[in-house]
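Enquirer: Following this message is one structure expressed as structure tokens.
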Protein chains: 2
Amino acid sequence: MRTVDEMVDLFKARGYRMTPQRQCIFRILQDNTSHPTAESIYRAARKQVETISLQTVYRTLNELASVGEVLPLELGTGMARFDPNTDQETHHHAVCSVCGKVRDVFAEYQGVALPDALRPDFDVVAVQVVFKGVCSACQEASRTLRAMTSRQEHKAKAKMEVVG
Amino acid sequence: MRTVDEMVDLFKARGYRMTPQRQCIFRILQDNTSHPTAESIYRAARKQVETISLQTVYRTLNELASVGEVLPLELGTGMARFDPNTDQETHHHAVCSVCGKVRDVFAEYQGVALPDALRPDFDVVAVQVVFKGVCSACQEASRTLRAMTSRQEHKAKAKMEVVG
DNA sequence: TGTTATTTGATACTTACTCCTAATAAAACT
DNA sequence: AGTTTTATTAGGAGTAAGTATCAAATAACA
């Protein structure tokens, strides 16, 4: 995504009006690498513009997506995530299937293209490579849990499940 | 996914009971290349077992997924799709962002792996390559629509939108 | 500053999916 | 085969992500 100032100009050029709510969302997304959900953006936005509604967050995110300044990601974690880094050539994702966290994967993969036979039947707009797996934090957590279970420290385990 | 008979044995071996509902879902998925949703499987299943519930379809699909006999796909079309072809090496997907249809893409991509730097932080279980774009049917439809609009055949266009 | 069209936020709605529970039926054991 | 046990089912209620609607607020611009 561009800078906030550039986004303001771009939105105005497209005939959108500039509101504190929209600028606030631009600011939150600016250089954001946390792959936020609509909810998490909403929570951050309320700290700056107390009366902003979730509806406005969704609306603005969809506008940003339709202008190509934000990439909506559907990674099987139950809700959409929005990535201001829209580069699809060198920028992919790793999703932890335990905690749902998403990490950027910077790499350029050669030769990932539709086979010739399919080419006439499908006009490719974007290619997404998604790595599914378990992040080191969750690996560590499950190792600890297993060790506890084998020693039958059930109380500690139960406590950890509640805390975690 | 394996044959229905093999699936029956596998489920029994895992301590699951064999019911007409489960076998029916096995049969529907067998060699199914349409990337069905839970809803579409439910509709097909009701033709064979009239009283089957959506809940049972979801439950069975989750069981199949946890046993690794079905691959749940989250492709940004708003609902999960279930693929009995669980080969992740040579089998990828192309999703039409207009009609939502999913096509198989058979190709083996070399070198699509996590960069070394990330390797210790993330244990990769699966890699998915997704092509997003527009299928030929939807390209054709939008071409027709544009041609109509330019000739200002508004009534025909409106009619087509309702029909499509 | 006044006018007007866009945007906002509250509320209601839709939809994909899960939870709960009494009834049912598959498997285990006579 | 009959009985018991226990997993499974149907169906309704519930949840949560996201969308539609619309009166009121406000940005843009004269």
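Chain labels A, B, ... are given in the sequence in which chains occur in the structure tokens; within each chain residues are numbered consecutively from 1, and ligands are likewise numbered from 1 in the order shown.
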Set the cut-off to 10 Å and count only C-alpha atoms (C1' of nucleotides): what are the residues of chain B that reach chain C? Output as a tab-separated table (two decimals) with N, CA, C and O atoms, in the first residue's frame.
Expert:
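And here is the file that came out, iface.tsv:
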chain	number	residue	atom	x	y	z
B	16	TYR	N	-14.43	-46.01	14.42
B	16	TYR	CA	-15.69	-45.37	14.02
B	16	TYR	C	-16.70	-46.45	13.65
B	16	TYR	O	-16.32	-47.51	13.15
B	17	ARG	N	-17.99	-46.16	13.83
B	17	ARG	CA	-19.02	-47.09	13.39
B	17	ARG	C	-19.39	-46.80	11.94
B	17	ARG	O	-19.27	-45.69	11.48
B	18	MET	N	-19.84	-47.88	11.28
B	18	MET	CA	-20.21	-47.67	9.88
B	18	MET	C	-21.72	-47.48	9.76
B	18	MET	O	-22.49	-48.33	10.20
B	19	THR	N	-22.12	-46.34	9.20
B	19	THR	CA	-23.54	-46.01	9.07
B	19	THR	C	-23.86	-45.74	7.61
B	19	THR	O	-22.96	-45.42	6.83
B	38	ALA	N	-19.92	-28.32	1.41
B	38	ALA	CA	-20.72	-29.13	2.32
B	38	ALA	C	-22.18	-29.13	1.85
B	38	ALA	O	-22.84	-30.18	1.83
B	39	GLU	N	-22.67	-27.97	1.46
B	39	GLU	CA	-24.05	-27.84	0.97
B	39	GLU	C	-24.33	-28.73	-0.22
B	39	GLU	O	-25.35	-29.41	-0.27
B	54	LEU	N	-27.52	-31.85	7.61
B	54	LEU	CA	-26.32	-31.09	7.26
B	54	LEU	C	-25.23	-31.29	8.31
B	54	LEU	O	-24.05	-31.39	7.99
B	55	GLN	N	-25.66	-31.36	9.55
B	55	GLN	CA	-24.73	-31.60	10.66
B	55	GLN	C	-23.91	-32.86	10.43
B	55	GLN	O	-22.70	-32.88	10.66
B	58	TYR	N	-21.26	-32.26	7.74
B	58	TYR	CA	-20.11	-31.54	8.28
B	58	TYR	C	-19.27	-32.45	9.15
B	58	TYR	O	-18.04	-32.45	9.07
B	59	ARG	N	-19.93	-33.24	10.01
B	59	ARG	CA	-19.19	-34.10	10.93
B	59	ARG	C	-18.34	-35.09	10.15
B	59	ARG	O	-17.14	-35.23	10.41
B	78	GLY	N	-15.95	-18.00	0.15
B	78	GLY	CA	-16.94	-17.86	1.20
B	78	GLY	C	-17.31	-19.15	1.90
B	78	GLY	O	-17.92	-19.12	2.96
B	79	MET	N	-16.97	-20.28	1.30
B	79	MET	CA	-17.25	-21.53	2.01
B	79	MET	C	-16.19	-22.57	1.67
B	79	MET	O	-15.56	-22.52	0.61
B	80	ALA	N	-16.01	-23.50	2.60
B	80	ALA	CA	-14.99	-24.53	2.41
B	80	ALA	C	-15.40	-25.48	1.29
B	80	ALA	O	-16.58	-25.73	1.08
Enquirer: Just list as a PyMOL selection string whatever in range 12-97 of chain A DSSP marks as alpha helix (DSSP H).
Expert: chain A and resi 12-13+20-29+38-48+54-66
Enquirer: With C-alpha atoms retained, could you export that selection as a JSON list (two decimals), in the first residue's frame?
Expert:
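So the final result, stored in out_39.json, reads:
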[["chain", "number", "residue", "atom", "x", "y", "z"],
["A", 12, "LYS", "CA", -10.00, 11.82, -3.90],
["A", 13, "ALA", "CA", -8.98, 11.25, -7.51],
["A", 20, "PRO", "CA", -11.24, 10.84, 9.53],
["A", 21, "GLN", "CA", -12.43, 7.22, 9.61],
["A", 22, "ARG", "CA", -10.83, 6.37, 6.26],
["A", 23, "GLN", "CA", -7.58, 8.14, 7.09],
["A", 24, "CYS", "CA", -7.45, 6.31, 10.40],
["A", 25, "ILE", "CA", -7.71, 2.96, 8.62],
["A", 26, "PHE", "CA", -5.04, 4.03, 6.11],
["A", 27, "ARG", "CA", -2.75, 4.84, 9.04],
["A", 28, "ILE", "CA", -3.37, 1.52, 10.75],
["A", 29, "LEU", "CA", -2.60, -0.42, 7.58],
["A", 38, "ALA", "CA", -11.31, -6.63, 10.14],
["A", 39, "GLU", "CA", -11.91, -7.05, 13.87],
["A", 40, "SER", "CA", -8.35, -6.23, 14.88],
["A", 41, "ILE", "CA", -8.34, -3.17, 12.62],
["A", 42, "TYR", "CA", -11.65, -2.15, 14.20],
["A", 43, "ARG", "CA", -10.19, -2.44, 17.70],
["A", 44, "ALA", "CA", -7.14, -0.37, 16.75],
["A", 45, "ALA", "CA", -9.30, 2.21, 14.99],
["A", 46, "ARG", "CA", -11.60, 2.74, 18.00],
["A", 47, "LYS", "CA", -8.60, 3.94, 19.99],
["A", 48, "GLN", "CA", -8.23, 6.79, 17.51],
["A", 54, "LEU", "CA", -17.26, -2.19, 12.21],
["A", 55, "GLN", "CA", -19.36, -1.58, 9.13],
["A", 56, "THR", "CA", -17.14, 1.35, 8.16],
["A", 57, "VAL", "CA", -14.04, -0.78, 8.61],
["A", 58, "TYR", "CA", -15.45, -3.47, 6.30],
["A", 59, "ARG", "CA", -16.56, -0.87, 3.76],
["A", 60, "THR", "CA", -13.19, 0.84, 3.66],
["A", 61, "LEU", "CA", -11.30, -2.46, 3.44],
["A", 62, "ASN", "CA", -13.44, -3.49, 0.48],
["A", 63, "GLU", "CA", -12.79, -0.13, -1.18],
["A", 64, "LEU", "CA", -9.07, -0.57, -0.63],
["A", 65, "ALA", "CA", -9.25, -4.07, -2.05],
["A", 66, "SER", "CA", -11.18, -2.94, -5.13]]
Enquirer: Quick check for you: according to DSSP on this backbone, which residues of chain A are classed as strand (DSSP E)? Reply as a PyMOL selection string.
Expert: chain A and resi 71-73+81-83+91-96+102-106+122-135
Enquirer: Restricting it to N, CA and C atoms, dump the selection as a compact mmCIF listing (two decimals), in the first residue's frame.
Expert:
# COMPACT_ATOMS: atom_id res chain seq x y z
N LEU A 71 -4.64 -6.50 -0.12
CA LEU A 71 -4.90 -7.84 -0.63
C LEU A 71 -5.66 -8.64 0.41
N PRO A 72 -6.92 -9.02 0.11
CA PRO A 72 -7.66 -9.85 1.07
C PRO A 72 -7.14 -11.28 1.00
N LEU A 73 -6.83 -11.84 2.16
CA LEU A 73 -6.31 -13.20 2.22
C LEU A 73 -7.32 -14.10 2.90
N ARG A 81 -8.16 -11.85 6.19
CA ARG A 81 -7.08 -10.98 6.65
C ARG A 81 -6.73 -10.03 5.52
N PHE A 82 -6.19 -8.87 5.88
CA PHE A 82 -5.96 -7.84 4.88
C PHE A 82 -4.50 -7.42 4.89
N ASP A 83 -3.85 -7.57 3.74
CA ASP A 83 -2.42 -7.34 3.66
C ASP A 83 -2.12 -6.12 2.80
N HIS A 91 6.11 -12.33 -2.60
CA HIS A 91 5.56 -12.21 -1.25
C HIS A 91 4.45 -13.25 -1.08
N HIS A 92 4.74 -14.25 -0.21
CA HIS A 92 3.78 -15.33 0.01
C HIS A 92 3.54 -15.48 1.51
N HIS A 93 2.86 -16.56 1.92
CA HIS A 93 2.47 -16.64 3.33
C HIS A 93 2.63 -18.04 3.92
N ALA A 94 2.94 -18.06 5.22
CA ALA A 94 2.97 -19.30 5.98
C ALA A 94 1.95 -19.16 7.11
N VAL A 95 1.01 -20.11 7.20
CA VAL A 95 -0.08 -20.05 8.17
C VAL A 95 0.07 -21.17 9.17
N CYS A 96 0.08 -20.82 10.45
CA CYS A 96 0.13 -21.84 11.49
C CYS A 96 -1.29 -22.36 11.71
N VAL A 102 -0.10 -15.63 10.79
CA VAL A 102 0.36 -15.62 9.41
C VAL A 102 1.71 -14.91 9.34
N ARG A 103 2.67 -15.55 8.69
CA ARG A 103 3.98 -14.93 8.50
C ARG A 103 4.22 -14.65 7.04
N ASP A 104 4.94 -13.59 6.75
CA ASP A 104 5.33 -13.33 5.37
C ASP A 104 6.45 -14.28 4.96
N VAL A 105 6.40 -14.70 3.71
CA VAL A 105 7.48 -15.50 3.13
C VAL A 105 7.95 -14.76 1.89
N PHE A 106 9.16 -14.23 1.95
CA PHE A 106 9.68 -13.48 0.80
C PHE A 106 10.54 -14.40 -0.04
N PHE A 122 -8.34 -20.05 -18.89
CA PHE A 122 -8.32 -19.36 -17.60
C PHE A 122 -7.35 -18.18 -17.66
N ASP A 123 -7.83 -16.99 -17.35
CA ASP A 123 -7.02 -15.78 -17.36
C ASP A 123 -6.51 -15.51 -15.94
N VAL A 124 -5.24 -15.81 -15.70
CA VAL A 124 -4.68 -15.71 -14.35
C VAL A 124 -4.45 -14.25 -13.97
N VAL A 125 -5.00 -13.85 -12.83
CA VAL A 125 -4.80 -12.49 -12.31
C VAL A 125 -3.74 -12.50 -11.21
N ALA A 126 -3.71 -13.56 -10.42
CA ALA A 126 -2.76 -13.62 -9.31
C ALA A 126 -2.44 -15.07 -8.97
N VAL A 127 -1.24 -15.28 -8.46
CA VAL A 127 -0.84 -16.61 -7.99
C VAL A 127 -0.49 -16.49 -6.52
N GLN A 128 -1.07 -17.35 -5.70
CA GLN A 128 -0.75 -17.32 -4.28
C GLN A 128 -0.18 -18.66 -3.84
N VAL A 129 0.96 -18.58 -3.15
CA VAL A 129 1.57 -19.78 -2.58
C VAL A 129 1.38 -19.71 -1.07
N VAL A 130 0.76 -20.72 -0.50
CA VAL A 130 0.50 -20.74 0.94
C VAL A 130 1.13 -21.98 1.55
N PHE A 131 1.98 -21.75 2.56
CA PHE A 131 2.56 -22.86 3.32
C PHE A 131 1.71 -23.07 4.56
N LYS A 132 1.21 -24.30 4.75
CA LYS A 132 0.46 -24.61 5.96
C LYS A 132 1.35 -25.46 6.86
N GLY A 133 1.29 -25.20 8.13
CA GLY A 133 2.13 -25.96 9.04
C GLY A 133 1.99 -25.48 10.47
N VAL A 134 3.06 -25.66 11.23
CA VAL A 134 3.02 -25.30 12.65
C VAL A 134 4.21 -24.41 12.96
N CYS A 135 3.95 -23.26 13.58
CA CYS A 135 5.02 -22.33 13.92
C CYS A 135 5.81 -22.85 15.11
Enquirer: Using only C-alpha atoms (C1' of nucleotides), which of B:Thr144, B:Thr51, B:Gln88, B:Gln30 sits nearest chain D?
Expert: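 Among the listed residues, the smallest separation from chain D belongs to B:Thr51.
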Enquirer: Taking into account only C-alpha atoms (C1' of nucleotides), which residue in the set A:Val67, A:Leu10, A:Met1, A:Thr77 is nearest to chain D?
Expert: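 Among the listed residues, the smallest separation from chain D belongs to A:Thr77.
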Enquirer: Report, in Å to a single decimal, how far apart CA of Gly15 in chain B and C1' of DT4 in chain D are.
Expert: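 That distance, rounded to one decimal, is 18.6 Å.
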Enquirer: Can you tell me, as a list of chain:residue names, what residues are no more than 9 Å from Ala107 in chain B when counting only C-alpha atoms (C1' of nucleotides), ignoring any on the same chain fewer than 2 positions away?
Expert: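 Counting only the stated atoms, we get A:Val112, A:Ala113, A:Leu114, A:Pro115, B:Glu89, B:Thr90, B:His91, B:His92, B:Val105, B:Tyr109.
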